[in-house]
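Raw contents of protein36.csv, CSV, C-alpha atoms:
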chain,number,residue,atom,x,y,z
A,1,MET,CA,69.4,62.5,50.7
A,2,THR,CA,66.6,63.0,53.2
A,3,VAL,CA,64.5,66.1,53.5
A,4,SER,CA,66.0,66.8,56.9
A,5,THR,CA,69.6,66.5,55.7
A,6,LEU,CA,68.8,68.8,52.7
A,7,LEU,CA,67.4,71.5,54.9
A,8,GLN,CA,70.5,71.3,57.2
A,9,PHE,CA,72.7,71.6,54.2
A,10,LEU,CA,70.8,74.7,52.8
A,11,LEU,CA,70.9,76.4,56.2
A,12,CYS,CA,74.7,75.9,56.6
A,13,TRP,CA,75.2,77.2,53.0
A,14,ALA,CA,73.1,80.3,53.8
A,15,LEU,CA,75.1,81.1,56.9
A,16,LEU,CA,78.3,81.0,54.8
A,17,ILE,CA,77.1,83.3,51.9
A,18,ILE,CA,74.9,85.8,53.6
A,19,PRO,CA,76.8,88.7,55.3
A,20,SER,CA,76.5,88.7,59.1
A,21,SER,CA,75.1,92.3,58.9
A,22,SER,CA,72.1,90.9,57.1
A,23,PHE,CA,70.9,89.1,60.2
A,24,PRO,CA,68.6,91.2,62.5
A,25,PRO,CA,69.5,91.4,66.2
A,26,SER,CA,68.6,88.2,68.0
A,27,ASN,CA,69.1,86.7,71.4
A,28,ARG,CA,70.1,83.5,69.6
A,29,PHE,CA,73.1,84.8,67.6
A,30,ALA,CA,75.9,87.3,68.1
A,31,VAL,CA,78.2,88.9,65.6
A,32,VAL,CA,81.8,88.6,66.9
A,33,SER,CA,84.5,90.2,64.7
A,34,GLY,CA,82.3,89.8,61.6
A,35,THR,CA,81.5,86.2,62.3
A,36,LEU,CA,78.1,84.9,63.3
A,37,VAL,CA,78.2,82.6,66.3
A,38,ARG,CA,75.5,80.8,68.2
A,39,ARG,CA,74.9,82.4,71.6
A,40,HIS,CA,73.7,79.3,73.5
A,41,ASN,CA,72.6,81.8,76.2
A,42,LEU,CA,76.1,83.2,76.4
A,43,SER,CA,76.7,85.9,79.0
A,44,PRO,CA,78.3,89.2,77.9
A,45,GLU,CA,81.5,88.1,79.5
A,46,LYS,CA,81.6,84.9,77.4
A,47,VAL,CA,80.8,86.8,74.3
A,48,ALA,CA,83.7,89.1,75.0
A,49,ALA,CA,85.9,86.1,75.6
A,50,ALA,CA,84.9,84.7,72.3
A,51,ARG,CA,85.7,88.0,70.6
A,52,GLU,CA,89.2,87.9,72.1
A,53,GLU,CA,89.7,84.3,70.9
A,54,LEU,CA,89.0,85.4,67.3
A,55,VAL,CA,91.5,88.3,67.5
A,56,ASP,CA,95.0,87.5,66.5
A,57,ALA,CA,96.9,86.7,69.8
A,58,GLU,CA,100.6,86.2,70.3
A,59,THR,CA,101.2,82.6,71.1
A,60,VAL,CA,104.4,81.4,72.9
A,61,ASP,CA,105.6,78.2,74.6
A,62,LEU,CA,106.4,80.0,77.9
A,63,CYS,CA,105.3,83.3,79.3
A,64,ILE,CA,107.1,84.6,82.4
A,65,VAL,CA,105.2,87.2,84.4
A,66,GLY,CA,107.7,89.5,86.3
A,67,GLY,CA,111.1,90.8,85.2
A,68,GLY,CA,112.9,90.8,88.5
A,69,ILE,CA,115.8,88.5,89.3
A,70,SER,CA,113.6,85.4,89.7
A,71,GLY,CA,111.9,86.1,86.3
A,72,LEU,CA,115.1,86.6,84.5
A,73,ALA,CA,116.7,83.5,86.1
A,74,SER,CA,113.7,81.5,85.0
A,75,ALA,CA,113.9,82.8,81.5
A,76,ILE,CA,117.6,82.0,81.2
A,77,THR,CA,117.2,78.5,82.7
A,78,ALA,CA,114.3,77.7,80.3
A,79,ALA,CA,116.0,79.1,77.3
A,80,GLU,CA,119.2,77.1,78.0
A,81,LYS,CA,117.2,73.9,78.4
A,82,ASN,CA,115.2,74.4,75.2
A,83,ARG,CA,116.8,76.7,72.6
A,84,ASP,CA,113.9,76.3,70.2
A,85,ALA,CA,111.2,77.4,72.7
A,86,SER,CA,109.5,80.7,72.3
A,87,ILE,CA,109.8,82.6,75.6
A,88,LEU,CA,108.1,85.9,76.5
A,89,LEU,CA,108.9,87.8,79.7
A,90,LEU,CA,106.4,90.5,80.7
A,91,GLU,CA,107.4,93.2,83.2
A,92,SER,CA,104.8,95.8,84.4
A,93,GLU,CA,107.4,98.5,85.2
A,94,SER,CA,109.4,100.5,82.6
A,95,THR,CA,112.6,98.6,83.3
A,96,ILE,CA,113.5,95.1,84.4
A,97,GLY,CA,115.3,94.2,87.7
A,98,GLY,CA,112.7,94.6,90.4
A,99,ARG,CA,114.5,95.4,93.6
A,100,VAL,CA,117.9,94.9,92.1
A,101,ARG,CA,118.4,98.2,90.4
A,102,SER,CA,120.5,101.3,90.8
A,103,ASP,CA,120.0,105.0,90.3
A,104,TYR,CA,122.9,107.2,89.2
A,105,THR,CA,123.3,110.9,90.2
A,106,SER,CA,124.6,113.6,88.0
A,107,ASP,CA,127.7,114.0,90.3
A,108,GLY,CA,128.8,110.4,89.9
A,109,TYR,CA,127.2,108.5,92.8
A,110,THR,CA,125.5,105.1,92.4
A,111,LEU,CA,122.5,104.5,94.6
A,112,ASP,CA,121.4,100.9,94.9
A,113,ARG,CA,117.9,100.0,95.7
A,114,GLY,CA,116.9,97.2,98.1
A,115,PHE,CA,119.4,95.0,100.0
A,116,ALA,CA,122.5,96.3,98.4
A,117,VAL,CA,125.0,93.5,99.1
A,118,PHE,CA,126.1,90.8,96.6
A,119,ILE,CA,126.8,87.4,98.2
A,120,GLU,CA,129.2,85.6,95.9
A,121,GLU,CA,128.6,82.1,97.2
A,122,TYR,CA,125.0,81.8,96.1
A,123,PRO,CA,124.9,78.7,93.8
A,124,THR,CA,122.5,80.2,91.2
A,125,SER,CA,124.5,83.4,91.1
A,126,LYS,CA,127.7,81.5,90.3
A,127,LYS,CA,125.9,79.6,87.6
A,128,LEU,CA,124.2,82.5,85.8
A,129,LEU,CA,126.6,85.4,86.2
A,130,ASP,CA,130.1,86.3,85.0
A,131,TYR,CA,131.7,87.6,88.2
A,132,ASP,CA,134.8,89.0,86.3
A,133,SER,CA,132.6,91.2,84.2
A,134,LEU,CA,130.8,92.5,87.3
A,135,GLY,CA,134.1,93.9,88.8
A,136,LEU,CA,133.2,92.8,92.3
A,137,ALA,CA,134.8,94.7,95.2
A,138,GLN,CA,134.7,92.6,98.4
A,139,PHE,CA,134.0,93.9,101.9
A,140,LEU,CA,136.2,92.7,104.8
A,141,PRO,CA,134.5,89.7,106.6
A,142,GLY,CA,132.9,90.6,109.9
A,143,ALA,CA,130.6,93.3,111.2
A,144,ARG,CA,130.3,96.3,113.6
A,145,VAL,CA,127.6,96.1,116.2
A,146,LYS,CA,125.9,98.9,118.2
A,147,LEU,CA,125.5,97.7,121.8
A,148,ALA,CA,123.2,99.4,124.2
A,149,ASP,CA,125.9,100.2,126.8
A,150,ARG,CA,128.5,101.5,124.3
A,151,ASP,CA,128.7,104.7,122.2
A,152,ASP,CA,131.1,103.2,119.7
A,153,LEU,CA,130.5,100.3,117.3
A,154,ALA,CA,131.9,96.9,118.6
A,155,PRO,CA,133.7,94.8,116.0
A,156,VAL,CA,132.8,91.2,115.2
A,157,SER,CA,135.6,89.5,113.3
A,158,ASP,CA,135.6,86.3,111.2
A,159,PRO,CA,138.7,84.3,112.2
A,160,LEU,CA,137.9,81.6,109.7
A,161,ARG,CA,138.8,83.9,106.8
A,162,ARG,CA,141.0,86.3,108.6
A,163,ARG,CA,143.1,84.3,111.1
A,164,ARG,CA,145.0,87.3,112.2
A,165,ASP,CA,141.7,88.6,113.7
A,166,ILE,CA,141.3,85.7,116.0
A,167,LEU,CA,142.3,87.7,119.1
A,168,LYS,CA,139.8,90.4,118.1
A,169,ALA,CA,137.1,87.8,117.8
A,170,ILE,CA,137.8,86.4,121.3
A,171,THR,CA,138.0,89.8,123.0
A,172,SER,CA,135.0,91.3,121.2
A,173,PRO,CA,132.3,92.5,123.6
A,174,VAL,CA,129.6,91.0,121.4
A,175,GLY,CA,128.7,87.7,123.0
A,176,SER,CA,130.3,85.9,126.0
A,177,LEU,CA,133.1,83.4,125.7
A,178,VAL,CA,130.5,80.6,126.1
A,179,ASP,CA,128.5,82.1,123.2
A,180,LYS,CA,131.6,82.2,121.0
A,181,ALA,CA,132.5,78.6,121.9
A,182,ARG,CA,129.0,77.6,120.9
A,183,LEU,CA,129.6,79.1,117.4
A,184,VAL,CA,131.9,76.2,116.7
A,185,PRO,CA,129.2,73.5,116.1
A,186,LEU,CA,127.2,76.1,114.0
A,187,PHE,CA,130.2,76.7,111.8
A,188,TYR,CA,130.9,73.0,111.6
A,189,ASN,CA,127.3,72.3,110.5
A,190,VAL,CA,127.2,74.8,107.7
A,191,VAL,CA,130.7,74.1,106.4
A,192,THR,CA,130.6,70.3,106.4
A,193,LYS,CA,127.0,70.0,105.0
A,194,ASN,CA,126.1,70.8,101.4
A,195,VAL,CA,123.0,72.9,100.5
A,196,GLU,CA,120.8,69.8,100.0
A,197,ASP,CA,121.8,68.5,103.4
A,198,LEU,CA,120.9,71.8,105.1
A,199,PHE,CA,117.5,71.9,103.5
A,200,SER,CA,116.8,68.3,104.6
A,201,MET,CA,117.4,69.1,108.3
A,202,GLU,CA,114.5,69.2,110.7
A,203,GLU,CA,112.8,72.6,110.3
A,204,THR,CA,111.8,75.0,113.0
A,205,ASN,CA,111.9,78.7,113.4
A,206,THR,CA,115.3,80.4,113.7
A,207,LEU,CA,114.8,81.7,117.2
A,208,THR,CA,114.0,78.2,118.5
A,209,CYS,CA,117.0,76.9,116.6
A,210,LEU,CA,119.4,79.4,118.1
A,211,LYS,CA,118.1,78.8,121.6
A,212,ASP,CA,117.4,75.1,121.7
A,213,LYS,CA,119.9,73.7,119.2
A,214,TYR,CA,122.9,75.9,119.7
A,215,LYS,CA,122.1,77.2,123.2
A,216,PHE,CA,123.0,80.9,122.5
A,217,SER,CA,122.2,83.4,125.2
A,218,ASP,CA,119.3,85.9,124.7
A,219,GLU,CA,121.8,88.8,124.8
A,220,PHE,CA,123.9,87.3,122.0
A,221,ILE,CA,120.8,86.6,119.9
A,222,SER,CA,119.4,90.1,120.4
A,223,SER,CA,122.6,91.9,119.8
A,224,PHE,CA,124.0,90.0,116.8
A,225,PHE,CA,121.7,87.4,115.2
A,226,ALA,CA,118.4,89.4,115.4
A,227,PRO,CA,119.7,92.6,113.7
A,228,PHE,CA,121.7,90.6,111.2
A,229,LEU,CA,118.9,88.2,110.1
A,230,GLU,CA,116.0,90.5,110.5
A,231,GLY,CA,117.8,93.0,108.3
A,232,ILE,CA,117.9,90.4,105.6
A,233,TYR,CA,114.4,89.0,105.9
A,234,LEU,CA,112.6,92.0,107.3
A,235,THR,CA,110.7,89.7,109.7
A,236,PRO,CA,111.2,88.5,113.3
A,237,LEU,CA,113.4,85.5,114.0
A,238,GLU,CA,110.4,83.4,115.2
A,239,LYS,CA,108.9,83.7,111.7
A,240,GLN,CA,112.1,82.7,109.8
A,241,SER,CA,112.9,79.2,108.7
A,242,SER,CA,115.8,77.5,110.5
A,243,ARG,CA,116.7,75.9,107.1
A,244,MET,CA,117.1,79.3,105.5
A,245,PHE,CA,119.1,80.4,108.5
A,246,HIS,CA,121.6,77.6,108.0
A,247,PHE,CA,121.7,78.2,104.2
A,248,VAL,CA,122.4,82.0,104.5
A,249,PHE,CA,124.9,81.5,107.3
A,250,ARG,CA,126.8,79.0,105.0
A,251,MET,CA,126.7,81.6,102.2
A,252,PHE,CA,128.2,84.3,104.4
A,253,THR,CA,130.7,81.9,106.0
A,254,LEU,CA,132.1,80.5,102.7
A,255,GLY,CA,131.6,83.5,100.4
A,256,SER,CA,132.4,87.2,100.4
A,257,ALA,CA,130.0,90.1,100.5
A,258,SER,CA,130.7,92.4,97.7
A,259,LEU,CA,129.4,95.1,95.3
A,260,PRO,CA,129.7,95.3,91.5
A,261,ALA,CA,131.7,98.2,90.2
A,262,GLY,CA,128.6,99.6,88.4
A,263,GLY,CA,126.2,99.0,91.3
A,264,MET,CA,123.6,96.2,91.6
A,265,GLN,CA,122.1,97.4,88.3
A,266,SER,CA,125.0,95.5,86.7
A,267,VAL,CA,123.6,92.2,87.8
A,268,THR,CA,120.2,93.0,86.2
A,269,ASN,CA,121.8,94.3,83.0
A,270,GLN,CA,123.9,91.1,82.7
A,271,LEU,CA,121.0,88.8,83.2
A,272,GLY,CA,118.8,90.8,80.8
A,273,ASN,CA,121.4,90.7,78.1
A,274,LYS,CA,122.0,87.0,78.6
A,275,ALA,CA,118.3,86.2,78.4
A,276,GLN,CA,117.9,88.2,75.2
A,277,ASN,CA,121.0,86.6,73.6
A,278,LEU,CA,119.3,83.3,74.3
A,279,GLY,CA,116.2,84.4,72.3
A,280,VAL,CA,114.0,85.5,75.2
A,281,LYS,CA,111.6,88.4,74.3
A,282,ILE,CA,111.4,91.0,77.0
A,283,GLU,CA,108.5,93.4,77.1
A,284,CYS,CA,108.4,96.1,79.8
A,285,ASP,CA,105.4,98.4,80.6
A,286,SER,CA,103.2,95.2,80.2
A,287,LEU,CA,100.8,94.7,83.1
A,288,VAL,CA,99.0,91.3,83.2
A,289,LEU,CA,95.4,91.9,84.0
A,290,SER,CA,94.2,88.3,84.2
A,291,LEU,CA,95.4,84.7,83.7
A,292,GLU,CA,92.9,82.0,82.7
A,293,LYS,CA,93.4,78.4,81.7
A,294,ASP,CA,91.9,77.3,78.4
A,295,ASP,CA,91.2,73.6,78.9
A,296,LEU,CA,89.9,73.3,75.3
A,297,ASN,CA,93.1,74.4,73.7
A,298,LYS,CA,95.3,73.3,76.6
A,299,ARG,CA,96.8,76.8,76.9
A,300,PHE,CA,96.8,79.7,79.2
A,301,ARG,CA,95.3,83.0,78.2
A,302,LEU,CA,96.7,86.3,79.6
A,303,ARG,CA,95.2,89.7,79.2
A,304,VAL,CA,97.9,92.3,79.0
A,305,LYS,CA,97.8,96.1,78.8
A,306,SER,CA,100.3,98.9,78.8
A,307,HIS,CA,100.6,101.5,81.6
A,308,SER,CA,101.3,104.2,79.2
A,309,ASN,CA,98.5,103.3,76.9
A,310,PRO,CA,95.6,101.8,78.9
A,311,LYS,CA,93.6,101.1,75.7
A,312,SER,CA,96.2,98.8,74.3
A,313,GLU,CA,94.8,95.6,75.8
A,314,ARG,CA,95.9,92.4,74.1
A,315,VAL,CA,95.9,88.7,74.6
A,316,VAL,CA,98.8,86.4,74.9
A,317,LYS,CA,98.4,82.6,74.8
A,318,ALA,CA,101.1,80.4,76.4
A,319,SER,CA,101.5,76.6,76.8
A,320,SER,CA,103.2,77.3,80.2
A,321,VAL,CA,103.3,80.2,82.6
A,322,VAL,CA,105.7,81.2,85.4
A,323,ILE,CA,104.6,83.7,87.9
A,324,ALA,CA,107.7,85.5,89.2
A,325,THR,CA,106.0,88.3,91.2
A,326,ASP,CA,105.1,89.0,94.8
A,327,GLU,CA,101.4,89.3,93.9
Could the structure of this file be written out as structure tokens, please?
Amino acid sequence: MTVSTLLQFLLCWALLIIPSSSFPPSNRFAVVSGTLVRRHNLSPEKVAAAREELVDAETVDLCIVGGGISGLASAITAAEKNRDASILLLESESTIGGRVRSDYTSDGYTLDRGFAVFIEEYPTSKKLLDYDSLGLAQFLPGARVKLADRDDLAPVSDPLRRRRDILKAITSPVGSLVDKARLVPLFYNVVTKNVEDLFSMEETNTLTCLKDKYKFSDEFISSFFAPFLEGIYLTPLEKQSSRMFHFVFRMFTLGSASLPAGGMQSVTNQLGNKAQNLGVKIECDSLVLSLEKDDLNKRFRLRVKSHSNPKSERVVKASSVVIATDE
């Protein structure tokens, strides 16, 4: 053994047996959770990160940020594909569901939040939900439209699903006879094409699609399509995708609009219960402060804190992360 090797051995042994508190303050070493680490000119932020790494952190295969419908659907899909995976869903609010929630008054009313209509034809909804348990009550197909020159609401009927309303559809003051005739190729497109075909069509904005492809009049667009679609997307027609227009029109054409007996909260409750039964761990009141990729350990590191207890910051490590939030 050379002198150099012997000195290195003695130094390593000394670091192991001498308490870290025995070392004087130095800009070359830092004490992190009782362990002496070499600074290598570490910034305070990197020292703090090293401290977090030494603290016991929850480690999961998949972490989903956001407990709305998208987050719950992601959790269920992942759990069904890999029943052995550890999955953690973090929701910053006190309850899951996001916009799909209901409030209940003391006198028996159910107040749904958000866009409170359940469209039964959505493929993912049919796959994930038990419709019988929801107790769906269907609306009659069609709509009532407020026209500028009328005090009453003008009816718009759907003769495809209610053939006895065909005369009402023809004589409705909403849209000219030419506009109604031009609905035929639109219905044909959305009924004969599957969802994949609709999303493979050439894309433009919805306003251009209605004008150039289907040749609808400006009056028909402004009186029917604009309030209908802008009420769904909360954005002007010229900013909406023509592919999404065809998809949604297909959903409304083939499926019913309905409401669950217990309000839209029933959808959230069913998805939440299904996820937990599949082994998904759901934690509410858990705000994700930051998300960083740890290339060394090939994991993601999330800093999480509780709204109710701001000092309860912790670290979650995950092999994969799904962001299911607006921000």
Q: Rank A:Leu128, A:Ala169, A:Ile323, A:Leu134 by their smallest atom-to-atom distance to Ala181 (chain A), using only C-alpha atoms, and report the top residue only.
A: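 Once distances to Ala181 (chain A) are computed over only C-alpha atoms, the minimum belongs to A:Ala169.
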Q.
Calculated over all atoms listed in the file, which of the candidates A:Phe252, A:Phe187, A:Phe199, A:Tyr233 has the smallest distance to Pro141 (chain A)?
A. A:Phe252
Q) Looking at A:Lys293, A:Ser320, A:Asn309, A:Ala73, which one is nearest to Lys126 (chain A), with distances taken over all atoms listed in the file? A) A:Ala73
Q: Identify which of the residues A:Val267, A:Leu147, A:Ile87, A:Val65 lies closest to Ser319 (chain A), counting only C-alpha atoms when measuring atom-to-atom distances.
A: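 Looking at the shortest contact to Ser319 (chain A), the residue is A:Ile87.
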Q. Between A:Leu229, A:Leu167, A:Met264, A:Leu210, which one has atoms that come closest to Phe118 (chain A), using only C-alpha atoms?
A.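 Of all the options, A:Met264 lies closest to Phe118 (chain A).
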Q. Restricting the calculation to only C-alpha atoms, which member of A:Val178, A:Met244, A:Ala78, A:Ile232 is positioned closest to Cys209 (chain A)?
A.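 Of A:Val178, A:Met244, A:Ala78, A:Ile232, the one nearest Cys209 (chain A) is A:Met244, counting only C-alpha atoms.
If you look at CA of Lys81 (chain A) and CA of Val321 (chain A), they are 15.8 Å away from each other.
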Q. Which neighbours of region 152-159 of chain A fall inside 12 Å, counting only C-alpha atoms, when residues of the same chain fewer than 5 positions from it are skipped, and could you give them as number ranges by chain?
A. A: 140-147, 164-175, 180, 183-184, 187, 220, 223-225, 228, 252-256
**Q.** Separation of CA of Val304 (chain A) from CA of Ser286 (chain A) in Å
**A.** 6.2 Å
Q | Length of the CA of Asp107 (chain A) to CA of Ile119 (chain A) vector [Å] | A |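 For CA of Asp107 (chain A) relative to CA of Ile119 (chain A), the distance reads 27.8 Å.
Residues within 9 Å of Thr59 (chain A), counting all atoms listed in the file and excluding same-chain residues fewer than 4 positions away, are Ser86, Val315, Val316, Lys317, Ala318 and Ser319 of chain A.
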Q) Residues at most 10 Å from Ser308 (chain A), counting all atoms listed in the file, excluding those fewer than 4 positions away in the same chain, as an MDAnalysis selection string? A) chainID A and resid 94 285:286 312
Q: Dig up all the protein and nucleic acid residues within 8 Å of (96.1, 87.1, 84.1) in the file frame, using all atoms listed in the file, and format them as a ChimeraX atom specification.
A: /A:288-292,301-304
File dump, residues just selected, C-alpha atoms, as a PDB file, keeping the file's coordinate frame:
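again37.pdb written:
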ATOM      1  CA  VAL A 288      99.000  91.300  83.200  1.00  0.00           C
ATOM      2  CA  LEU A 289      95.400  91.900  84.000  1.00  0.00           C
ATOM      3  CA  SER A 290      94.200  88.300  84.200  1.00  0.00           C
ATOM      4  CA  LEU A 291      95.400  84.700  83.700  1.00  0.00           C
ATOM      5  CA  GLU A 292      92.900  82.000  82.700  1.00  0.00           C
ATOM      6  CA  ARG A 301      95.300  83.000  78.200  1.00  0.00           C
ATOM      7  CA  LEU A 302      96.700  86.300  79.600  1.00  0.00           C
ATOM      8  CA  ARG A 303      95.200  89.700  79.200  1.00  0.00           C
ATOM      9  CA  VAL A 304      97.900  92.300  79.000  1.00  0.00           C
TER      10      VAL A 304
END
Q: Find the spatial neighbours of Thr235 (chain A), counting all atoms listed in the file, within a cut-off of 12 Å - ignore same-chain residues fewer than 4 positions away - and output them as number ranges by chain.
A: A: 205-207, 226-231, 239-241
